[in-house]
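A quick write-up on the structure given underneath.
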Amino acid sequence: MKYYITSESVTCGHPDKVCDQISDAILDACLAEDKDSRVACECLTTTWTIVVSGEITTNAWVNFQDIARKVVRDIGYDSLEAGFSADDVSVQILINSQSPDIAQWVDTGWAWDQGIMYGYATNETENYLPAPISFAHKLSRRLEQVRKEKILPFLLPDGKTQVTIEYDENGKIQRVDTIVISSQHKVDVSQEEIHKGIKSQVIDPVLGKYIDEKTIIHINPTGKFTIGWPKWDCGLTGRKIIIDTYGGVGRHGWGAFSGKDPSKVDRSGAYVARYIAKNIVASGICDKCEIQLWYAIGVAEPVSIYVDMFGTEKVSRELVIETIKKNFDLSPRGIITLLDLKKPIYQKTATYGHFGRDDVSWEHLDKVEVFKTLLKK
């Protein structure tokens with residue numbers, strides 16, 4: 001029996017994603033000067049106000065206000081027409097240093113808190129992400145591109161996309177069933193022009209080959225969308241965690257990612273779980289895979305490792321887990337070394353998903369042979 005799965009994405013101008021980008025930009029600024037910086041940075045935005053808070057211990061000199069304004073300006077919120085101006089917004093800084101009780105565990109390379117992390121991969125797309133979230137991200141990226149390149153000059157930064165995929169009884173992609181795009185726009189443009197432009201410049205180039213005469217397309221279904229962030233919506237770091245991961249197909253673990261340095265296993269643990277799952281699927285020993293890692297505070301290695309290959313496996317689960325334990329140091333320190341995580345690489349991950357990208361270490365397919373050898377046993 002056929003079935004349907006839906007995922008959503010948002011553009012870089014969505015208020016929650018603005019906060020994620022500010023938090024990760026601050027993390028990058030700290031790591032650029034001090035690779036051992038400890039950062040847990042949260043951001044909140046509302047009308048004409050940005051609040052940056054959290055715990056940061058670093059030897060770097062960071063101008064938090066300038067970073068926040070630059071992020072907002074680069075997104076495109078630089079005028080009253082956009083609804084927000086980077087130069088006029090109030091930026092409040094409420095930063096403390098990391099607790100010494102937490103630091104004692106981090107300094108030893110042990111987990112600083114308990115938590116469960118997940119990683120997921122599937123061979124249904126070339127980037128090993130579920131198709132609904134992969135396609136939704138591509139639409140959101142394209143919305144940003146046509147806005148910034150002035151291909152559709154009437155668009156403004158805030159926006160959302162949603163894609164519903166139809167699968168057959170064997171789990172194979174058949175078609176795109178429904179597409180929803182809501183994009184902030186300037187006042188002096190008709191809905192007809194918006195619909196025509198988004199259909200021809202965003203939807204068709206990205207998903208044209210998956211669309212048929214039955215595909216349902218909604219563009220700004222509520223009508224005009226001239227008032228975007230932050231006039232009608234408050235933004236907060238870490239509030240789009242399903243968009244950050246697998247669109248609701250793979251499970252999400254203990255915490256959000258943005259604004260946290262790699263000593264926090266809720267970020268680095270999720271990254272290495274994705275890394276392992278992706279290499280497992282790419283090796284051909286299964287079609288899809290989910291990895292669960294469970295950490296306890298003050299303990300270096302994960303307390304447990306669980307692998308689910310959803311009945312598609314060609315080798316036993318026990319053999320896969322044994323191979324993971326033999327070939328991967330999954331302590332926080334080991335993960336940081338394995339994936340080279342003490343670099344200022346995080347702001348780019350704050351939009352369009354932390355996975356399915358080609359510019360981060362946890363997406364590399366350099367451990368495929370480790371698992372491919374299992375097919376010979």
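A note on labels: chains of the structure tokens are A, B, ... as shown, every chain counts residues from 1, and ligands are counted from 1 in their shown order.
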Enumerate, as a tab-separated table (two decimals) with N, CA and C atoms, in the first residue's frame, the complete set of residues in stretch 1-99 of chain A that a backbone-based DSSP assignment places in strand (DSSP E or B).
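Result written to result35.tsv:
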chain	number	residue	atom	x	y	z
A	3	TYR	N	2.09	5.12	0.70
A	3	TYR	CA	2.00	5.96	1.87
A	3	TYR	C	2.68	7.29	1.59
A	4	TYR	N	2.49	8.26	2.51
A	4	TYR	CA	2.97	9.62	2.30
A	4	TYR	C	3.76	10.10	3.52
A	5	ILE	N	4.85	10.82	3.25
A	5	ILE	CA	5.64	11.43	4.32
A	5	ILE	C	5.89	12.89	3.98
A	6	THR	N	5.74	13.77	4.96
A	6	THR	CA	5.88	15.22	4.78
A	6	THR	C	6.98	15.77	5.67
A	7	SER	N	7.79	16.66	5.14
A	7	SER	CA	8.79	17.38	5.92
A	7	SER	C	8.79	18.85	5.51
A	8	GLU	N	9.28	19.70	6.41
A	8	GLU	CA	9.34	21.12	6.10
A	8	GLU	C	10.75	21.66	6.29
A	9	SER	N	11.00	22.80	5.67
A	9	SER	CA	12.24	23.55	5.84
A	9	SER	C	11.87	25.02	5.95
A	10	VAL	N	12.82	25.84	6.36
A	10	VAL	CA	12.61	27.28	6.41
A	10	VAL	C	13.82	27.98	5.81
A	38	ARG	N	34.75	27.14	25.18
A	38	ARG	CA	33.57	26.43	25.65
A	38	ARG	C	32.38	27.37	25.47
A	39	VAL	N	31.46	26.97	24.63
A	39	VAL	CA	30.38	27.87	24.23
A	39	VAL	C	29.02	27.17	24.34
A	40	ALA	N	28.12	27.83	25.02
A	40	ALA	CA	26.71	27.43	25.03
A	40	ALA	C	25.92	28.72	24.89
A	41	CYS	N	25.68	29.11	23.66
A	41	CYS	CA	25.15	30.44	23.35
A	41	CYS	C	23.72	30.36	22.84
A	42	GLU	N	22.84	31.05	23.50
A	42	GLU	CA	21.42	31.10	23.11
A	42	GLU	C	21.08	32.50	22.60
A	43	CYS	N	20.10	32.55	21.72
A	43	CYS	CA	19.67	33.85	21.18
A	43	CYS	C	18.15	33.90	21.12
A	44	LEU	N	17.60	35.05	21.40
A	44	LEU	CA	16.17	35.30	21.26
A	44	LEU	C	15.98	36.59	20.49
A	45	THR	N	15.02	36.61	19.61
A	45	THR	CA	14.71	37.83	18.86
A	45	THR	C	13.23	38.14	18.95
A	46	THR	N	12.94	39.41	19.01
A	46	THR	CA	11.56	39.87	18.92
A	46	THR	C	11.61	41.27	18.30
A	49	THR	N	14.57	43.81	18.77
A	49	THR	CA	15.42	43.41	19.88
A	49	THR	C	16.06	42.04	19.62
A	50	ILE	N	17.35	41.93	19.90
A	50	ILE	CA	18.06	40.66	19.91
A	50	ILE	C	18.68	40.50	21.29
A	51	VAL	N	18.45	39.35	21.92
A	51	VAL	CA	19.05	39.05	23.22
A	51	VAL	C	19.98	37.85	23.05
A	52	VAL	N	21.26	38.04	23.38
A	52	VAL	CA	22.24	36.96	23.31
A	52	VAL	C	22.62	36.59	24.74
A	53	SER	N	22.47	35.31	25.07
A	53	SER	CA	22.75	34.88	26.44
A	53	SER	C	23.46	33.53	26.44
A	54	GLY	N	23.84	33.06	27.62
A	54	GLY	CA	24.47	31.76	27.72
A	54	GLY	C	25.74	31.77	28.53
A	55	GLU	N	26.51	30.69	28.36
A	55	GLU	CA	27.76	30.52	29.09
A	55	GLU	C	28.91	30.35	28.10
A	56	ILE	N	29.88	31.22	28.18
A	56	ILE	CA	31.02	31.17	27.26
A	56	ILE	C	32.31	31.37	28.06
A	57	THR	N	33.25	30.45	27.86
A	57	THR	CA	34.59	30.59	28.43
A	57	THR	C	35.58	30.52	27.28
A	78	ASP	N	17.95	44.59	6.29
A	78	ASP	CA	18.78	45.80	6.30
A	78	ASP	C	17.99	47.08	6.02
A	79	SER	N	16.66	46.99	6.15
A	79	SER	CA	15.86	48.17	5.85
A	79	SER	C	14.48	48.03	6.48
A	84	PHE	N	12.95	44.92	9.34
A	84	PHE	CA	13.94	44.86	10.42
A	84	PHE	C	15.22	45.42	9.87
A	85	SER	N	15.95	46.18	10.68
A	85	SER	CA	17.19	46.77	10.22
A	85	SER	C	18.32	46.43	11.18
A	90	SER	N	18.15	46.76	18.73
A	90	SER	CA	18.80	46.72	20.04
A	90	SER	C	19.37	45.32	20.26
A	91	VAL	N	20.66	45.25	20.62
A	91	VAL	CA	21.30	43.97	20.90
A	91	VAL	C	21.73	43.94	22.36
A	92	GLN	N	21.14	43.03	23.12
A	92	GLN	CA	21.44	42.91	24.54
A	92	GLN	C	22.28	41.67	24.78
A	93	ILE	N	23.35	41.80	25.55
A	93	ILE	CA	24.29	40.70	25.79
A	93	ILE	C	24.23	40.29	27.26
A	94	LEU	N	23.90	39.02	27.50
A	94	LEU	CA	23.80	38.46	28.85
A	94	LEU	C	24.61	37.17	28.89
A	95	ILE	N	25.93	37.29	29.00
A	95	ILE	CA	26.84	36.15	28.90
A	95	ILE	C	27.56	35.91	30.23
A	96	ASN	N	27.61	34.66	30.65
A	96	ASN	CA	28.41	34.25	31.82
A	96	ASN	C	29.43	33.21	31.38
Worksheet item: Within 8 Å of A:Cys12, counting only C-alpha atoms, which residues qualify if same-chain residues fewer than 5 places away don't, as a ChimeraX atom specification?
Response: /A:17-18,75,144,157-158,351-352
Output N, CA and C atoms for every residue in the selection just made, as a short mmCIF file (atom, residue, chain, number, x, y, z; two decimals), in the first residue's frame.
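For reference, out.cif as written:
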data_model
loop_
_atom_site.label_atom_id
_atom_site.label_comp_id
_atom_site.auth_asym_id
_atom_site.auth_seq_id
_atom_site.Cartn_x
_atom_site.Cartn_y
_atom_site.Cartn_z
N LYS A 17 15.71 30.54 12.73
CA LYS A 17 16.98 30.30 12.05
C LYS A 17 17.91 31.51 12.14
N VAL A 18 17.36 32.70 12.25
CA VAL A 18 18.19 33.88 12.52
C VAL A 18 18.93 33.67 13.84
N ILE A 75 21.75 38.33 6.05
CA ILE A 75 20.52 37.62 5.67
C ILE A 75 19.68 38.49 4.74
N GLU A 144 16.08 31.45 -1.23
CA GLU A 144 17.10 32.42 -0.84
C GLU A 144 17.90 32.89 -2.05
N PRO A 157 13.15 38.11 3.21
CA PRO A 157 13.90 36.97 3.74
C PRO A 157 13.11 35.84 4.40
N ASP A 158 11.98 36.10 5.02
CA ASP A 158 11.30 35.06 5.79
C ASP A 158 10.55 34.11 4.85
N THR A 351 21.60 26.72 8.77
CA THR A 351 20.50 26.81 7.81
C THR A 351 20.53 25.60 6.88
N TYR A 352 19.36 25.14 6.50
CA TYR A 352 19.17 24.07 5.52
C TYR A 352 19.76 22.74 5.96
#
Practice prompt. Calculate how many Å separate atom CA of A:Gly197 from atom CA of A:Thr178, rounding to one decimal.
Written response: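 Distance reported for this atom pair: 18.1 Å.
Each of A:Ile321, A:Ile345, A:Ile216, A:Ile181 was checked against A:Ala29 using only C-alpha atoms; the smallest atom-to-atom distance is that of A:Ile345.
Distances here use only C-alpha atoms; by that measure, the residue among A:Gln145, A:Thr122, A:Thr245, A:Ser361 closest to A:Gln201 is A:Gln145.
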Worksheet item: What is the atom CA of A:Asp88-atom CA of A:Gly259 distance in Å, reported with one decimal?
Response: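 Computed distance, atom CA of A:Asp88 to atom CA of A:Gly259, equals 23.9 Å.
Excluding A:Leu330 itself and same-chain residues fewer than 3 positions from it, the residues having an atom within 10 Å of it are Val265, Ser268, Gly269, Val272, Ala273, Leu293, Tyr295, Ala300, Glu301, Pro302, Ile305, Ile324, Lys325, Asn327, Arg333, Gly334, Ile335, Ile336 and Leu338 of chain A, counting only C-alpha atoms.
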Keeping only N, CA and C atoms, write those residues as a compact mmCIF listing (two decimals), in the first residue's frame.
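selection.txt was written with the following content:
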# COMPACT_ATOMS: atom_id res chain seq x y z
N VAL A 265 28.06 16.61 23.74
CA VAL A 265 27.77 15.42 22.93
C VAL A 265 26.41 15.47 22.25
N SER A 268 28.09 16.89 18.94
CA SER A 268 29.11 16.04 18.34
C SER A 268 28.66 14.58 18.27
N GLY A 269 27.90 14.13 19.27
CA GLY A 269 27.40 12.76 19.25
C GLY A 269 26.44 12.52 18.11
N VAL A 272 28.54 12.32 14.85
CA VAL A 272 29.25 11.06 14.60
C VAL A 272 28.26 9.92 14.35
N ALA A 273 27.07 9.98 14.94
CA ALA A 273 26.06 8.96 14.68
C ALA A 273 25.61 9.02 13.22
N LEU A 293 23.16 6.53 20.22
CA LEU A 293 24.23 6.57 21.20
C LEU A 293 23.67 7.15 22.50
N TYR A 295 24.82 8.56 26.25
CA TYR A 295 25.92 9.01 27.09
C TYR A 295 25.45 9.30 28.51
N ALA A 300 33.21 8.50 29.67
CA ALA A 300 33.78 8.87 28.37
C ALA A 300 33.07 8.19 27.20
N GLU A 301 32.96 6.88 27.24
CA GLU A 301 32.36 6.14 26.14
C GLU A 301 30.84 6.08 26.29
N PRO A 302 30.12 5.93 25.18
CA PRO A 302 28.67 5.80 25.30
C PRO A 302 28.30 4.57 26.13
N ILE A 305 25.15 1.40 22.51
CA ILE A 305 25.06 1.67 21.08
C ILE A 305 23.98 0.77 20.52
N ILE A 324 31.57 -1.17 14.86
CA ILE A 324 31.58 0.22 15.32
C ILE A 324 32.48 0.38 16.53
N LYS A 325 32.33 -0.51 17.49
CA LYS A 325 33.13 -0.42 18.72
C LYS A 325 34.63 -0.58 18.44
N ASN A 327 36.24 0.21 15.61
CA ASN A 327 36.82 1.17 14.66
C ASN A 327 36.56 2.64 14.97
N ARG A 333 36.17 13.36 23.31
CA ARG A 333 37.48 13.74 22.78
C ARG A 333 37.78 12.99 21.49
N GLY A 334 37.41 11.71 21.44
CA GLY A 334 37.65 10.92 20.24
C GLY A 334 36.85 11.41 19.04
N ILE A 335 35.60 11.80 19.29
CA ILE A 335 34.75 12.33 18.21
C ILE A 335 35.31 13.63 17.66
N ILE A 336 35.73 14.51 18.56
CA ILE A 336 36.29 15.80 18.15
C ILE A 336 37.52 15.59 17.27
N LEU A 338 38.31 12.73 15.56
CA LEU A 338 37.90 12.01 14.35
C LEU A 338 37.32 12.95 13.29
Worksheet item: So which bits of stretch 12-215 of chain A end up alpha helix (DSSP H) when you DSSP the backbone, as a ChimeraX atom specification?
Response: /A:15-33,64-75,100-107,131-148,191-198,204-207
Practice prompt. Determine, counting only C-alpha atoms, which protein, DNA and RNA residues have an atom within 6 Å of an atom of A:Ala277; residues of the same chain fewer than 4 positions away are not included. Present the result as a PyMOL selection string.
Written response: chain A and resi 120-121+289
Restrict the selected residues to N, CA and C atoms and save them as a PDB file, in the first residue's frame.
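Wrote it out as result_22.pdb, contents follow:
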ATOM      1  N   TYR A 120      20.989   9.035  11.273  1.00  0.00           N
ATOM      2  CA  TYR A 120      20.141   8.298  10.324  1.00  0.00           C
ATOM      3  C   TYR A 120      20.669   8.497   8.909  1.00  0.00           C
ATOM      4  N   ALA A 121      20.505   7.483   8.090  1.00  0.00           N
ATOM      5  CA  ALA A 121      20.850   7.593   6.667  1.00  0.00           C
ATOM      6  C   ALA A 121      19.987   6.628   5.861  1.00  0.00           C
ATOM      7  N   CYS A 289      19.560   3.084   7.852  1.00  0.00           N
ATOM      8  CA  CYS A 289      20.174   2.746   9.140  1.00  0.00           C
ATOM      9  C   CYS A 289      19.981   3.890  10.125  1.00  0.00           C
TER      10      CYS A 289
END
Item to complete: Provide the atom CA of A:Thr161 to atom CA of A:Pro132 distance in Å, to one decimal place.
Response: 10.5 Å
